[in-house]
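The structure appears below as structure tokens.
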Amino acid sequence: MYKNLIEMFKENEGKGAIGSFNLHCFEMVPAMIKAAEKLNVPVILQTSLGTAEYIGFEPLIAAVKAIAETSSINVALHMDHCKDIDALKRAIDYGYSSVMYDGSALPLEENIANTKIVVEYAHGKGVSVEGEVGSIGGAEDGVVVDKDAAMYTKPEDALRFASETGVDALAVSIGTTHGQYKSKAKINYELLEELKAKLGDTGLVLHGGTGVSDEDMRRLAREGMKKINVGTELNKSYIEVVSKTFTAEGVTPLTSLRTLLGPANDRIAEIVTEKATLFRL
Ligand code: 13P
């Protein structure tokens, strides 16, 4: 079924974290949903604004909804990191079931004020909202936050932000960065514990899942992360598999594009399966 994060967090209570996977093209949609379906776990598909505009809001949402509505699992379509309130309103009107307003680079007051506008609009239409406090470093679909500008989330700021905005999910900065493939910075579990104690029902979200060790992924799910984002690893593997297949001996990709895309889609399904298995308690 097609759901928002509020419903998905509730139904997944006590079962671990929900994997949230960045898709970059249409092809990844069925691969991701089918992999989650095989494991019988909920799944969040997320896009940047750039991907939504590349595919087109209407065809993207129609495809996700069509697959979700005949599926045995819960599926959400979430707009990842968006700083443009009008674009978020558009995503909500078109039918995204969840959105993220990212005002983390703004002063806290302004981040709260803008997030409140998005929450009011989204909740009026049954759509969930993720916010961000503290800044997660790295590059995200062209948006770069310098490592030195990345800051751990302050628990008191997170509490104030969550209670004043009424967000359903909150991206917190506890030591990961976006787009980093190898050995992530050390995750601050004490901070996670403190944030969890302070934030109660607001679902904590980990960004920058690529490169986080399997052991950390399991521990993050155990210690209360509700949504874990994985992006770069999917994008990178897609490109790697396509180029490996293209140059492989005996493959004649020009006979059908599916010869190239099939194995890449299979790898997407494998990654979703691997991660979602780690997130399950
Ligand atoms: P990675 O690209 O590091 O996996 O992070 C994804 C993410 O957090 C999307 O918001």
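Ligands are numbered from 1 in the order shown, chains are lettered A, B, ... in the order of the structure tokens, and residues start at 1 in each chain.
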Please return, as a PyMOL selection string, all residues of range 17-266 of chain A that DSSP assigns to strand (DSSP E) on the basis of the backbone. chain A and resi 18-22+43-47+75-82+98-101+128-133+138-140+143-145+169-172+203-206+227-230
Per-residue nearest contacts of chain A to ligand 1 (7 Å; only C-alpha atoms and all ligand atoms) as JSON lines:
```
{"residue": "A:Asn22", "atom": "CA", "partner": "ligand 1", "partner_atom_place_in_ligand_line": "9 (C)", "distance": 6.4}
{"residue": "A:Asp80", "atom": "CA", "partner": "ligand 1", "partner_atom_place_in_ligand_line": "10 (O)", "distance": 5.8}
{"residue": "A:His81", "atom": "CA", "partner": "ligand 1", "partner_atom_place_in_ligand_line": "10 (O)", "distance": 6.3}
{"residue": "A:Glu140", "atom": "CA", "partner": "ligand 1", "partner_atom_place_in_ligand_line": "2 (O)", "distance": 6.7}
{"residue": "A:Thr177", "atom": "CA", "partner": "ligand 1", "partner_atom_place_in_ligand_line": "3 (O)", "distance": 6.0}
{"residue": "A:His178", "atom": "CA", "partner": "ligand 1", "partner_atom_place_in_ligand_line": "3 (O)", "distance": 3.6}
{"residue": "A:Gly179", "atom": "CA", "partner": "ligand 1", "partner_atom_place_in_ligand_line": "3 (O)", "distance": 3.7}
{"residue": "A:Gln180", "atom": "CA", "partner": "ligand 1", "partner_atom_place_in_ligand_line": "3 (O)", "distance": 5.4}
{"residue": "A:Leu206", "atom": "CA", "partner": "ligand 1", "partner_atom_place_in_ligand_line": "8 (O)", "distance": 6.8}
{"residue": "A:His207", "atom": "CA", "partner": "ligand 1", "partner_atom_place_in_ligand_line": "8 (O)", "distance": 3.3}
{"residue": "A:Gly208", "atom": "CA", "partner": "ligand 1", "partner_atom_place_in_ligand_line": "5 (O)", "distance": 3.2}
{"residue": "A:Gly209", "atom": "CA", "partner": "ligand 1", "partner_atom_place_in_ligand_line": "4 (O)", "distance": 4.1}
{"residue": "A:Thr210", "atom": "CA", "partner": "ligand 1", "partner_atom_place_in_ligand_line": "4 (O)", "distance": 3.6}
{"residue": "A:Gly211", "atom": "CA", "partner": "ligand 1", "partner_atom_place_in_ligand_line": "3 (O)", "distance": 7.0}
{"residue": "A:Asn229", "atom": "CA", "partner": "ligand 1", "partner_atom_place_in_ligand_line": "8 (O)", "distance": 4.6}
{"residue": "A:Val230", "atom": "CA", "partner": "ligand 1", "partner_atom_place_in_ligand_line": "4 (O)", "distance": 3.6}
{"residue": "A:Gly231", "atom": "CA", "partner": "ligand 1", "partner_atom_place_in_ligand_line": "4 (O)", "distance": 3.7}
{"residue": "A:Thr232", "atom": "CA", "partner": "ligand 1", "partner_atom_place_in_ligand_line": "2 (O)", "distance": 3.6}
{"residue": "A:Glu233", "atom": "CA", "partner": "ligand 1", "partner_atom_place_in_ligand_line": "4 (O)", "distance": 6.0}
```
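Closest to Phe57 in chain A among A:Asp102, A:Glu193, A:Glu13, A:Asp93 is A:Asp93, based on only C-alpha atoms.
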Near-range 114-123 of chain A list (8 Å; only C-alpha atoms; drop same-chain fewer than 3 positions) as a list in words: Ile85, Leu88, Lys89, Ile92, Tyr101, Gly103, Glu110, Asn111, Gly126, Val127, Ser128, Val129, Gly131, Glu164, Thr165, Gly166 and Val167 of chain A
Keeping all heavy atoms, export the residues of the selection given above as a short mmCIF file (atom, residue, chain, number, x, y, z; two decimals), in the first residue's frame.
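Output (out-v4.cif):
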```
data_model
loop_
_atom_site.label_atom_id
_atom_site.label_comp_id
_atom_site.auth_asym_id
_atom_site.auth_seq_id
_atom_site.Cartn_x
_atom_site.Cartn_y
_atom_site.Cartn_z
N ILE A 85 10.31 25.75 -0.84
CA ILE A 85 8.97 25.48 -0.28
C ILE A 85 7.93 25.32 -1.40
O ILE A 85 7.08 24.45 -1.32
CB ILE A 85 8.57 26.59 0.72
CG1 ILE A 85 9.55 26.59 1.90
CG2 ILE A 85 7.13 26.40 1.21
CD1 ILE A 85 9.30 27.65 2.95
N LEU A 88 8.17 21.94 -2.85
CA LEU A 88 7.60 20.92 -1.94
C LEU A 88 6.08 20.92 -2.02
O LEU A 88 5.45 19.86 -2.01
CB LEU A 88 8.06 21.18 -0.50
CG LEU A 88 9.51 20.77 -0.22
CD1 LEU A 88 9.92 21.17 1.19
CD2 LEU A 88 9.71 19.28 -0.42
N LYS A 89 5.50 22.10 -2.12
CA LYS A 89 4.04 22.18 -2.24
C LYS A 89 3.59 21.48 -3.52
O LYS A 89 2.58 20.78 -3.56
CB LYS A 89 3.56 23.64 -2.23
CG LYS A 89 3.67 24.26 -0.84
CD LYS A 89 3.12 25.67 -0.83
CE LYS A 89 3.12 26.24 0.57
NZ LYS A 89 2.80 27.67 0.60
N ILE A 92 3.77 17.77 -3.02
CA ILE A 92 2.63 17.33 -2.20
C ILE A 92 1.36 17.28 -3.06
O ILE A 92 0.61 16.30 -3.04
CB ILE A 92 2.45 18.28 -0.99
CG1 ILE A 92 3.64 18.15 -0.04
CG2 ILE A 92 1.12 18.05 -0.27
CD1 ILE A 92 3.78 19.27 0.99
N TYR A 101 11.83 19.04 4.20
CA TYR A 101 12.28 20.43 4.04
C TYR A 101 13.63 20.52 4.73
O TYR A 101 13.75 20.20 5.93
CB TYR A 101 11.29 21.44 4.65
CG TYR A 101 11.88 22.83 4.60
CD1 TYR A 101 12.01 23.50 3.38
CD2 TYR A 101 12.38 23.44 5.75
CE1 TYR A 101 12.62 24.74 3.30
CE2 TYR A 101 12.99 24.69 5.68
CZ TYR A 101 13.10 25.34 4.46
OH TYR A 101 13.72 26.56 4.37
N GLY A 103 16.16 22.97 5.99
CA GLY A 103 16.54 24.35 6.32
C GLY A 103 17.75 24.35 7.24
O GLY A 103 17.98 25.31 7.98
N GLU A 110 14.77 30.59 11.59
CA GLU A 110 14.27 30.60 10.21
C GLU A 110 13.95 29.19 9.73
O GLU A 110 12.95 28.97 9.03
CB GLU A 110 15.36 31.22 9.32
CG GLU A 110 14.82 32.01 8.15
CD GLU A 110 15.96 32.62 7.35
OE1 GLU A 110 16.93 33.13 7.96
OE2 GLU A 110 15.89 32.53 6.12
N ASN A 111 14.79 28.25 10.13
CA ASN A 111 14.55 26.84 9.79
C ASN A 111 13.20 26.41 10.39
O ASN A 111 12.36 25.82 9.70
CB ASN A 111 15.71 25.99 10.36
CG ASN A 111 15.64 24.52 9.93
OD1 ASN A 111 14.81 24.13 9.12
ND2 ASN A 111 16.53 23.70 10.49
N GLY A 126 -2.45 15.06 4.31
CA GLY A 126 -2.10 13.68 4.70
C GLY A 126 -0.68 13.27 4.32
O GLY A 126 -0.38 12.09 4.17
N VAL A 127 0.21 14.27 4.20
CA VAL A 127 1.60 13.97 3.82
C VAL A 127 2.51 14.22 5.02
O VAL A 127 2.33 15.19 5.76
CB VAL A 127 1.99 14.89 2.61
CG1 VAL A 127 3.47 14.82 2.31
CG2 VAL A 127 1.16 14.50 1.39
N SER A 128 3.48 13.33 5.22
CA SER A 128 4.39 13.48 6.36
C SER A 128 5.58 14.37 6.01
O SER A 128 5.89 14.56 4.83
CB SER A 128 4.90 12.10 6.82
OG SER A 128 5.43 11.38 5.72
N VAL A 129 6.22 14.91 7.06
CA VAL A 129 7.33 15.84 6.84
C VAL A 129 8.55 15.46 7.68
O VAL A 129 8.44 15.15 8.86
CB VAL A 129 6.93 17.30 7.19
CG1 VAL A 129 8.10 18.26 6.96
CG2 VAL A 129 5.72 17.74 6.36
N GLY A 131 12.31 17.03 8.84
CA GLY A 131 13.09 18.26 8.92
C GLY A 131 14.54 17.91 9.22
O GLY A 131 14.89 16.74 9.38
N GLU A 164 8.23 22.71 18.13
CA GLU A 164 7.64 23.90 17.50
C GLU A 164 7.13 23.65 16.08
O GLU A 164 6.18 24.28 15.63
CB GLU A 164 8.64 25.06 17.51
CG GLU A 164 8.85 25.59 18.92
CD GLU A 164 9.69 26.86 18.96
OE1 GLU A 164 9.75 27.59 17.97
OE2 GLU A 164 10.30 27.09 20.04
N THR A 165 7.78 22.71 15.37
CA THR A 165 7.36 22.49 13.97
C THR A 165 6.32 21.38 13.82
O THR A 165 5.54 21.38 12.87
CB THR A 165 8.55 22.10 13.06
OG1 THR A 165 9.11 20.88 13.57
CG2 THR A 165 9.61 23.17 13.03
N GLY A 166 6.38 20.39 14.71
CA GLY A 166 5.47 19.24 14.57
C GLY A 166 5.88 18.28 13.45
O GLY A 166 5.04 17.56 12.92
N VAL A 167 7.20 18.25 13.11
CA VAL A 167 7.64 17.31 12.07
C VAL A 167 7.43 15.87 12.54
O VAL A 167 7.41 15.59 13.74
CB VAL A 167 9.14 17.49 11.69
CG1 VAL A 167 9.36 18.71 10.85
CG2 VAL A 167 10.04 17.46 12.92
#
```
Please provide the set of residues having any atom within 6 Å of Gly16 in chain A, restricted to only C-alpha atoms, with same-chain residues fewer than 2 positions apart removed, written as an MDAnalysis selection string. chainID A and resid 14 221 279:281
Which residues of range 3-68 of chain A sit at most 12 Å from range 262-265 of chain A, using only C-alpha atoms? Give each one's shortest atom pair and distance in Å (one decimal place), in chain and ascending residue order, as CSV.
```
residue,atom,partner,partner_atom,distance
A:Leu23,CA,A:Asn265,CA,11.1
A:His24,CA,A:Asn265,CA,11.7
A:Cys25,CA,A:Asn265,CA,10.5
A:Phe26,CA,A:Asn265,CA,10.4
A:Glu27,CA,A:Asn265,CA,6.9
A:Met28,CA,A:Asn265,CA,6.3
A:Val29,CA,A:Asn265,CA,9.3
A:Pro30,CA,A:Asn265,CA,8.7
A:Ala31,CA,A:Asn265,CA,5.8
A:Met32,CA,A:Asn265,CA,8.6
A:Ile33,CA,A:Asn265,CA,11.4
A:Lys34,CA,A:Asn265,CA,10.8
A:Ala35,CA,A:Asn265,CA,10.5
```
Measuring atom to atom with only C-alpha atoms, identify which of A:Ile61, A:Leu170, A:Val212, A:Val251 is nearest to Lys196 in chain A. A:Leu170
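Of note, CA of Pro59 in chain A and CA of Tyr94 in chain A are spaced 10.1 Å apart.
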